[in-house]
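Asker: This is the structure, below, for whatever I ask next.
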Amino acid sequence: MKQQTTKRGSSKNSAQSRVELHQSGKFLFAQNFRMQALIIFLFAFALYANTLGHQYALDDDLMIRDNKFTKQGFSGIGKILTTDALAGVFGEQNLLQGGRYRPLSQVCFAVEYELFGLNPFIGHLINVLLYGLLCVLLFHVLRKIFVNYTSSKWYMSLPFLVTVLFSVHPLHTEAVANIKGRDEIMSLIGSLGALWFALKYVETKKPLQLLWLAVLFILALLSKENAATFVAVIPLTMYFFSEAKRKDYVLISAVLIAAFAVYALIRFNALGYFISSYEDREIFNNPFVDATTSQKYATIVYTWIFYLKLLLVPVPLTHDYYPYQIPLMEWSNVFVIFSILIFTALAVYAIIKMKQKSLISYAILFFAITFSIQSNLLLNIGTFMNERFMFVSLIGFCIVVAMIFRRISGSDLSGKRAWPKLSAYLFVSFILLFSVLTIGRNKAWKNSETLVLTDVKTSVNSARCNYIAGFTLLEKARHEPDANTQSDLYLESAMYLERGLKIYEKNTSALGNLGEVYIALKKYEAAKTMYMKVLELIPDDQVSFANLRVIANLYVRDKKYNEAIQLLKIIADKTVIDPADFNTIGEIFGRNLNQLDSAEMYFEKSLQRYQNFAPALENMGLVQGLRGNYAKSLVYLLKAYPLDSNNVELLKNLSHTYSNLGNQEMSVQMLNKANRLGQQ
């Protein structure tokens, strides 16, 4: 009986001690905010400190280095506020469905350019500072909504755990290490600020809180459109973590909708539309262009499970998930089926537990809502997926992981068996591992060359990444002075370009680049094939015609006259009105093959296309001169003379012809003029 009494007393004391522990934890939690905030800021800063020496990379060129509006500094802000985000590079043409209107971060870039010029250090420094401030703000907001999830050990409080997990996750490297990613950071800062003031209004009922809510939400939207999801996130958070009344929901929702309407009006006034109906047929701007409707949605569902994998195991990472790094899927694919089952189960659980205000339910719903706009389900975002699209949704994932650590440690006060040391070891190991991965991944973002040549080893099935890697190596080869190194660069460039074209054979830029590489490697037939493929897709591509003429000249140099003639005939047939190619064929017959009849025939064909084509007139004069028809030769040469009066060779030919006709005065006059021009 004494044992039973002792057990009951022990149980009662245990419950009381947990309550006391909870209260003391809340006290410690409140008292140590500044210390915790400083730790979080310094931790976030340290994670990305190694990006401060980086250069511009990837989309930094589009938004900063090559953007004419950004490079106008203060004077370009007006254009930034009234045009699509890419208009400063591509003009008014909208390349992506829905358009891109994110002026706030671009205004920052313009101000930086005005003050510091093209200075990537400043851009990276601001990104890292903003990221640190974002993590502190997230911690501050989570303290308000997770006020009951504290611990006697402040570092095991739920807000602290979630924030540290959020700050350290390697998926954030794209948003922080890439200066352009500032739109993600600024948008979330504005969104969390809006959430904070919504919760403050529920507590205080002060109208000023609503004003700040509206202002911050508009700024978040002007940073990036996905802030629109907080129209749902804010009421959801109020439901789970506040004592909001119905009128609070109505009023705050009305303010959010009004703020969104203001943003929509600003966007419409700037772009002339809210969401463009334009749909690009280029695979790099519309990855589903060659997919059936069934394949499109099966592939979208597949990417969701791939995102989940990256959340749990963020290796390997890449900036490029373009076709077909993610392959087109069918509904019968096992991973698609698995994705459906997992996300259906999560949705059912979230809905069932919503009434009980389960924190897991909130985390799932937060994840789903914030991810919805970037999932490809509602809007074609121009690529299959991107790691930065998890930037906001990752908070939901971190909540679940943090709860697991708290459960193992016993900090959730559930009274169930706990392993505090195990939890501590696991958490520290988790943070150390993710820190190493994040800092290591940052190195890939040093510049575009490093990024592409690193990620092409991961994105082996991306036509775009292989193409850009090939082009990057081609650029290096063009400026490489050492012949052996240059040859190696050309060979490596060819490998990536060929791989990219196997994935997507209609990439005309890759075809043209590979043609140039083949010329450098003396693979002229292969180069010719590349340019002919370009012309099949772009019949009037003048660059391809110019390079085919280069190949023809190389054939002549190598005394492959028949190959040169055949190629020039093909070019002439395609150009239709250009007289130059028939003239070149005539020169090959005349100068290299000594077939004057054939030469004359092609010079005549050239003149049929353009009767005042000076080179063909001169060549006809030479043919007639070689045949001894000096009078007829003079007629052609005199026709060419006014069209090309500073041509030294033409003047010398005129001098010889006049001499053969016995007109020494004109012969000397033409020769003297030729000599004067030759000395200039």
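So you can find residues: chains in the structure tokens are A, B, ... in the order shown, residues in each start at 1, and ligands are numbered from 1 in order.
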For A:Pro642, work out the shell of residues within 12 Å, counting only C-alpha atoms and skipping chain neighbours fewer than 6 positions away, then give it as a PyMOL selection string.

Answerer: chain A and resi 612-614+617-618+636+650-651

Asker: Find the residues near stretch 588-592 of chain A: any atom within 9 Å, counting only C-alpha atoms, skip ones fewer than 6 places away on the same chain, and give them as a list in words.

Answerer: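 My reading of the contact set: Val556, Lys559, Tyr561, Ala564, Ile565, Ser598, Ala599, Glu600, Tyr602 and Val623 of chain A.
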
Asker: So that I can check the surroundings of stretch 338-351 of chain A, please list as a list in words every protein, DNA and RNA residue that reaches within 7 Å of it, counting only C-alpha atoms and ignoring chain neighbours fewer than 3 positions away.

Answerer: Val301, Tyr302, Trp304, Ile305, Val334, Phe335, Met354, Ser361, Ile364 and Leu365 of chain A

Asker: Could you write out that same residue set with C-alpha atoms as a PDB file, in the first residue's frame?

Answerer:
```pdb
ATOM      1  CA  VAL A 301       3.142  15.295 -59.368  1.00  0.00           C
ATOM      2  CA  TYR A 302       6.500  13.525 -59.725  1.00  0.00           C
ATOM      3  CA  TRP A 304       6.578  16.986 -55.626  1.00  0.00           C
ATOM      4  CA  ILE A 305       8.110  13.746 -54.399  1.00  0.00           C
ATOM      5  CA  VAL A 334       5.853   4.064 -59.444  1.00  0.00           C
ATOM      6  CA  PHE A 335       7.230   7.380 -58.150  1.00  0.00           C
ATOM      7  CA  MET A 354      -7.150  20.881 -38.400  1.00  0.00           C
ATOM      8  CA  SER A 361      -1.632  19.970 -39.545  1.00  0.00           C
ATOM      9  CA  ILE A 364       1.405  20.636 -43.775  1.00  0.00           C
ATOM     10  CA  LEU A 365      -1.126  23.302 -44.707  1.00  0.00           C
TER      11      LEU A 365
END
```

Asker: For A:Lys245, list every protein, DNA or RNA residue within 12 Å, evaluated using only C-alpha atoms, and leave out those in the same chain fewer than 5 positions away; present the list as a CSV table (one decimal) with C-alpha atoms, in the first residue's frame.

Answerer:
```csv
chain,number,residue,atom,x,y,z
A,199,LEU,CA,-1.3,38.9,-35.0
A,201,TYR,CA,-3.9,43.6,-34.4
A,202,VAL,CA,-5.7,40.5,-33.0
A,203,GLU,CA,-4.1,41.3,-29.6
A,205,LYS,CA,-7.1,46.0,-32.0
A,235,PRO,CA,-5.9,33.7,-41.6
A,238,MET,CA,-4.7,33.2,-36.8
A,239,TYR,CA,-6.9,30.2,-36.6
A,250,VAL,CA,-13.2,39.5,-41.9
A,251,LEU,CA,-11.3,42.7,-41.3
A,252,ILE,CA,-7.8,41.3,-41.8
```

Asker: Near stretch 637-639 of chain A, counting only C-alpha atoms, which residues have an atom at most 12 Å away, once you skip same-chain residues fewer than 5 positions from it, shown as an MDAnalysis selection string?

Answerer: chainID A and resid 607 611:625 630:632 644:645 647 649:658 670

Asker: Quick one: write out the picked residues with N, CA and C atoms as a CSV table (one decimal), in the first residue's frame?

Answerer:
```csv
chain,number,residue,atom,x,y,z
A,607,LEU,N,25.8,37.7,-112.0
A,607,LEU,CA,25.3,39.0,-112.5
A,607,LEU,C,23.8,39.0,-112.8
A,611,GLN,N,23.2,42.8,-111.4
A,611,GLN,CA,24.0,43.1,-112.5
A,611,GLN,C,25.1,44.1,-112.2
A,612,ASN,N,25.0,44.8,-111.1
A,612,ASN,CA,26.1,45.7,-110.6
A,612,ASN,C,26.9,45.1,-109.5
A,613,PHE,N,27.1,43.8,-109.5
A,613,PHE,CA,27.9,43.2,-108.5
A,613,PHE,C,29.4,43.3,-108.9
A,614,ALA,N,30.1,44.2,-108.3
A,614,ALA,CA,31.5,44.5,-108.8
A,614,ALA,C,32.4,43.3,-108.9
A,615,PRO,N,32.5,42.5,-107.9
A,615,PRO,CA,33.4,41.3,-108.0
A,615,PRO,C,33.2,40.5,-109.2
A,616,ALA,N,31.9,40.2,-109.5
A,616,ALA,CA,31.6,39.4,-110.7
A,616,ALA,C,31.9,40.1,-112.0
A,617,LEU,N,31.7,41.4,-112.0
A,617,LEU,CA,32.0,42.2,-113.2
A,617,LEU,C,33.5,42.1,-113.5
A,618,GLU,N,34.3,42.3,-112.4
A,618,GLU,CA,35.8,42.3,-112.5
A,618,GLU,C,36.2,40.9,-113.0
A,619,ASN,N,35.6,39.8,-112.4
A,619,ASN,CA,36.0,38.5,-112.8
A,619,ASN,C,35.6,38.2,-114.2
A,620,MET,N,34.5,38.7,-114.7
A,620,MET,CA,34.2,38.5,-116.1
A,620,MET,C,35.2,39.2,-117.0
A,621,GLY,N,35.7,40.4,-116.5
A,621,GLY,CA,36.7,41.1,-117.3
A,621,GLY,C,38.0,40.3,-117.4
A,622,LEU,N,38.3,39.6,-116.3
A,622,LEU,CA,39.5,38.8,-116.2
A,622,LEU,C,39.4,37.6,-117.2
A,623,VAL,N,38.2,36.9,-117.2
A,623,VAL,CA,38.0,35.8,-118.1
A,623,VAL,C,38.2,36.2,-119.5
A,624,GLN,N,37.6,37.4,-119.9
A,624,GLN,CA,37.7,37.8,-121.2
A,624,GLN,C,39.2,38.2,-121.6
A,625,GLY,N,39.9,38.7,-120.6
A,625,GLY,CA,41.3,39.1,-120.8
A,625,GLY,C,42.1,37.8,-121.0
A,630,TYR,N,40.3,41.7,-125.2
A,630,TYR,CA,40.6,42.8,-124.3
A,630,TYR,C,39.6,43.9,-124.4
A,631,ALA,N,39.0,44.1,-125.5
A,631,ALA,CA,37.9,45.1,-125.6
A,631,ALA,C,36.7,44.7,-124.7
A,632,LYS,N,36.3,43.5,-124.8
A,632,LYS,CA,35.2,43.0,-124.0
A,632,LYS,C,35.6,43.0,-122.5
A,644,ASP,N,33.7,50.1,-107.4
A,644,ASP,CA,34.8,49.7,-106.5
A,644,ASP,C,36.0,50.4,-106.9
A,645,SER,N,36.0,51.8,-106.8
A,645,SER,CA,37.1,52.6,-107.4
A,645,SER,C,38.4,52.5,-106.6
A,647,ASN,N,39.7,49.7,-105.4
A,647,ASN,CA,40.2,48.3,-105.4
A,647,ASN,C,41.5,48.3,-106.2
A,649,GLU,N,43.6,45.9,-107.0
A,649,GLU,CA,43.7,44.8,-108.0
A,649,GLU,C,42.9,45.2,-109.2
A,650,LEU,N,41.7,45.8,-109.1
A,650,LEU,CA,40.9,46.2,-110.2
A,650,LEU,C,41.6,47.2,-111.0
A,651,LEU,N,42.3,48.2,-110.3
A,651,LEU,CA,43.0,49.2,-111.1
A,651,LEU,C,44.2,48.6,-111.8
A,652,LYS,N,44.9,47.7,-111.3
A,652,LYS,CA,46.0,47.0,-112.0
A,652,LYS,C,45.5,46.3,-113.2
A,653,ASN,N,44.4,45.6,-113.0
A,653,ASN,CA,43.8,44.9,-114.2
A,653,ASN,C,43.4,45.8,-115.3
A,654,LEU,N,42.9,47.0,-114.9
A,654,LEU,CA,42.5,48.0,-115.9
A,654,LEU,C,43.8,48.5,-116.6
A,655,SER,N,44.9,48.7,-115.8
A,655,SER,CA,46.1,49.1,-116.4
A,655,SER,C,46.6,48.1,-117.4
A,656,HIS,N,46.6,46.8,-117.1
A,656,HIS,CA,47.1,45.8,-118.0
A,656,HIS,C,46.2,45.8,-119.3
A,657,THR,N,44.9,45.9,-119.1
A,657,THR,CA,44.0,45.8,-120.2
A,657,THR,C,44.2,47.0,-121.1
A,658,TYR,N,44.3,48.2,-120.6
A,658,TYR,CA,44.6,49.4,-121.4
A,658,TYR,C,45.9,49.2,-122.2
A,670,MET,N,46.0,54.5,-114.5
A,670,MET,CA,45.4,53.5,-113.6
A,670,MET,C,46.5,52.9,-112.7
```

Asker: Can you work out which one of A:Ile326, A:Met186, A:Val255, A:Leu433 has the shortest atom-to-atom distance to A:Val313, counting only C-alpha atoms?

Answerer: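 The answer is A:Leu433, which sits nearest to A:Val313.
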
Asker: I need the residue nearest A:Ser223 from this list: A:Ala264, A:Ile145, A:Leu104, A:Leu256. Use only C-alpha atoms for the distance.

Answerer: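 Of A:Ala264, A:Ile145, A:Leu104, A:Leu256, the one nearest A:Ser223, counting only C-alpha atoms, is A:Leu104.
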
Asker: What's the 8 Å shell around A:Phe582, counting only C-alpha atoms, without same-chain residues fewer than 4 positions away, as a tab-separated table (two decimals) with N, CA and C atoms, in the first residue's frame?

Answerer:
```tsv
chain	number	residue	atom	x	y	z
A	568	LEU	N	28.84	25.57	-101.89
A	568	LEU	CA	28.45	26.90	-102.33
A	568	LEU	C	27.19	26.87	-103.20
A	569	LYS	N	27.01	25.81	-103.96
A	569	LYS	CA	25.77	25.66	-104.73
A	569	LYS	C	24.56	25.54	-103.80
A	572	ALA	N	23.92	28.94	-102.41
A	572	ALA	CA	23.33	29.81	-103.44
A	572	ALA	C	21.87	29.49	-103.66
A	586	GLY	N	32.57	30.54	-109.39
A	586	GLY	CA	33.28	30.90	-110.62
A	586	GLY	C	34.77	31.09	-110.38
A	602	TYR	N	29.27	30.77	-114.09
A	602	TYR	CA	28.86	31.14	-112.73
A	602	TYR	C	28.98	32.64	-112.49
A	603	PHE	N	29.93	33.30	-113.19
A	603	PHE	CA	29.97	34.76	-113.08
A	603	PHE	C	28.72	35.36	-113.69
A	605	LYS	N	25.80	33.86	-113.81
A	605	LYS	CA	24.71	33.60	-112.86
A	605	LYS	C	24.73	34.63	-111.73
A	606	SER	N	25.92	35.00	-111.32
A	606	SER	CA	26.04	36.01	-110.27
A	606	SER	C	25.47	37.34	-110.75
```

Asker: For the helix (DSSP H, G or I) assignment from backbone DSSP, which residues of stretch 554-648 of chain A qualify? Please present them as a ChimeraX atom specification.

Answerer: /A:554-557,561-575,580-592,596-609,614-626,630-643,648

Asker: Using C-alpha atoms, can you write the selected residues to a file as a PDB file, in the first residue's frame?

Answerer:
```
ATOM      1  CA  LEU A 554      38.622  25.919 -95.921  1.00  0.00           C
ATOM      2  CA  TYR A 555      37.798  23.279 -98.545  1.00  0.00           C
ATOM      3  CA  VAL A 556      39.463  25.470-101.161  1.00  0.00           C
ATOM      4  CA  ARG A 557      42.500  25.900 -98.917  1.00  0.00           C
ATOM      5  CA  TYR A 561      37.410  21.992-104.781  1.00  0.00           C
ATOM      6  CA  ASN A 562      34.461  19.744-105.524  1.00  0.00           C
ATOM      7  CA  GLU A 563      33.331  19.854-101.867  1.00  0.00           C
ATOM      8  CA  ALA A 564      33.635  23.642-101.893  1.00  0.00           C
ATOM      9  CA  ILE A 565      31.647  23.968-105.110  1.00  0.00           C
ATOM     10  CA  GLN A 566      28.889  21.643-103.938  1.00  0.00           C
ATOM     11  CA  LEU A 567      28.557  23.510-100.645  1.00  0.00           C
ATOM     12  CA  LEU A 568      28.451  26.903-102.334  1.00  0.00           C
ATOM     13  CA  LYS A 569      25.768  25.656-104.734  1.00  0.00           C
ATOM     14  CA  ILE A 570      23.653  24.642-101.738  1.00  0.00           C
ATOM     15  CA  ILE A 571      24.156  28.063-100.178  1.00  0.00           C
ATOM     16  CA  ALA A 572      23.335  29.806-103.438  1.00  0.00           C
ATOM     17  CA  ASP A 573      20.125  27.810-103.812  1.00  0.00           C
ATOM     18  CA  LYS A 574      19.066  28.788-100.295  1.00  0.00           C
ATOM     19  CA  THR A 575      19.985  32.465-100.448  1.00  0.00           C
ATOM     20  CA  ALA A 580      28.354  36.281-103.962  1.00  0.00           C
ATOM     21  CA  ASP A 581      28.228  32.490-103.825  1.00  0.00           C
ATOM     22  CA  PHE A 582      27.951  31.989-107.602  1.00  0.00           C
ATOM     23  CA  ASN A 583      30.831  34.426-107.975  1.00  0.00           C
ATOM     24  CA  THR A 584      32.957  32.384-105.546  1.00  0.00           C
ATOM     25  CA  ILE A 585      32.135  29.179-107.444  1.00  0.00           C
ATOM     26  CA  GLY A 586      33.281  30.900-110.624  1.00  0.00           C
ATOM     27  CA  GLU A 587      36.550  31.912-108.948  1.00  0.00           C
ATOM     28  CA  ILE A 588      37.208  28.304-107.925  1.00  0.00           C
ATOM     29  CA  PHE A 589      36.643  27.112-111.495  1.00  0.00           C
ATOM     30  CA  GLY A 590      38.784  29.893-112.906  1.00  0.00           C
ATOM     31  CA  ARG A 591      41.662  30.219-110.467  1.00  0.00           C
ATOM     32  CA  ASN A 592      41.939  26.728-109.070  1.00  0.00           C
ATOM     33  CA  LEU A 596      37.158  29.224-117.872  1.00  0.00           C
ATOM     34  CA  ASP A 597      33.851  28.138-119.399  1.00  0.00           C
ATOM     35  CA  SER A 598      32.483  26.994-116.075  1.00  0.00           C
ATOM     36  CA  ALA A 599      33.904  30.094-114.399  1.00  0.00           C
ATOM     37  CA  GLU A 600      32.218  32.373-116.921  1.00  0.00           C
ATOM     38  CA  MET A 601      28.905  30.533-116.494  1.00  0.00           C
ATOM     39  CA  TYR A 602      28.860  31.138-112.734  1.00  0.00           C
ATOM     40  CA  PHE A 603      29.974  34.758-113.077  1.00  0.00           C
ATOM     41  CA  GLU A 604      27.029  35.253-115.395  1.00  0.00           C
ATOM     42  CA  LYS A 605      24.713  33.601-112.858  1.00  0.00           C
ATOM     43  CA  SER A 606      26.039  36.015-110.274  1.00  0.00           C
ATOM     44  CA  LEU A 607      25.322  38.992-112.520  1.00  0.00           C
ATOM     45  CA  GLN A 608      21.849  37.666-113.278  1.00  0.00           C
ATOM     46  CA  ARG A 609      21.116  38.040-109.590  1.00  0.00           C
ATOM     47  CA  ALA A 614      31.467  44.527-108.777  1.00  0.00           C
ATOM     48  CA  PRO A 615      33.438  41.327-107.990  1.00  0.00           C
ATOM     49  CA  ALA A 616      31.569  39.359-110.691  1.00  0.00           C
ATOM     50  CA  LEU A 617      32.043  42.192-113.226  1.00  0.00           C
ATOM     51  CA  GLU A 618      35.762  42.256-112.494  1.00  0.00           C
ATOM     52  CA  ASN A 619      35.989  38.469-112.793  1.00  0.00           C
ATOM     53  CA  MET A 620      34.150  38.504-116.123  1.00  0.00           C
ATOM     54  CA  GLY A 621      36.700  41.076-117.289  1.00  0.00           C
ATOM     55  CA  LEU A 622      39.538  38.779-116.225  1.00  0.00           C
ATOM     56  CA  VAL A 623      38.036  35.787-118.052  1.00  0.00           C
ATOM     57  CA  GLN A 624      37.728  37.829-121.235  1.00  0.00           C
ATOM     58  CA  GLY A 625      41.288  39.076-120.813  1.00  0.00           C
ATOM     59  CA  LEU A 626      42.596  35.530-120.423  1.00  0.00           C
ATOM     60  CA  TYR A 630      40.642  42.812-124.324  1.00  0.00           C
ATOM     61  CA  ALA A 631      37.941  45.118-125.609  1.00  0.00           C
ATOM     62  CA  LYS A 632      35.224  43.007-124.005  1.00  0.00           C
ATOM     63  CA  SER A 633      37.356  42.694-120.891  1.00  0.00           C
ATOM     64  CA  LEU A 634      37.597  46.508-120.696  1.00  0.00           C
ATOM     65  CA  VAL A 635      33.809  46.832-120.865  1.00  0.00           C
ATOM     66  CA  TYR A 636      33.345  44.649-117.765  1.00  0.00           C
ATOM     67  CA  LEU A 637      36.221  46.245-115.878  1.00  0.00           C
ATOM     68  CA  LEU A 638      34.935  49.748-116.551  1.00  0.00           C
ATOM     69  CA  LYS A 639      31.517  48.711-115.256  1.00  0.00           C
ATOM     70  CA  ALA A 640      33.142  47.473-112.067  1.00  0.00           C
ATOM     71  CA  TYR A 641      35.382  50.555-111.640  1.00  0.00           C
ATOM     72  CA  PRO A 642      32.761  53.122-110.456  1.00  0.00           C
ATOM     73  CA  LEU A 643      31.365  50.532-108.046  1.00  0.00           C
ATOM     74  CA  VAL A 648      43.929  48.139-106.105  1.00  0.00           C
TER      75      VAL A 648
END
```

Asker: Can you work out which one of A:Arg182, A:Lys528, A:Arg100, A:Arg417 has the shortest atom-to-atom distance to A:Leu130, counting only C-alpha atoms?

Answerer: A:Arg182

Asker: What does the distance between atom CA of A:Leu81 and atom CA of A:Pro103 come to in Å, to one decimal place?

Answerer: 5.6 Å

Asker: So that I can see what lies close to A:Ile126, please list as a list in words the residues with an atom at most 10 Å from it, counting only C-alpha atoms and leaving out residues fewer than 3 positions away in the same chain.

Answerer: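 Once the nearby chain positions are removed, what remains is Leu52, Cys108, Glu112, Pro120, Phe121, Ile122, Gly123, Leu129, Leu130, Tyr131, Gly132, Val176, Ile179 and Arg182 of chain A.
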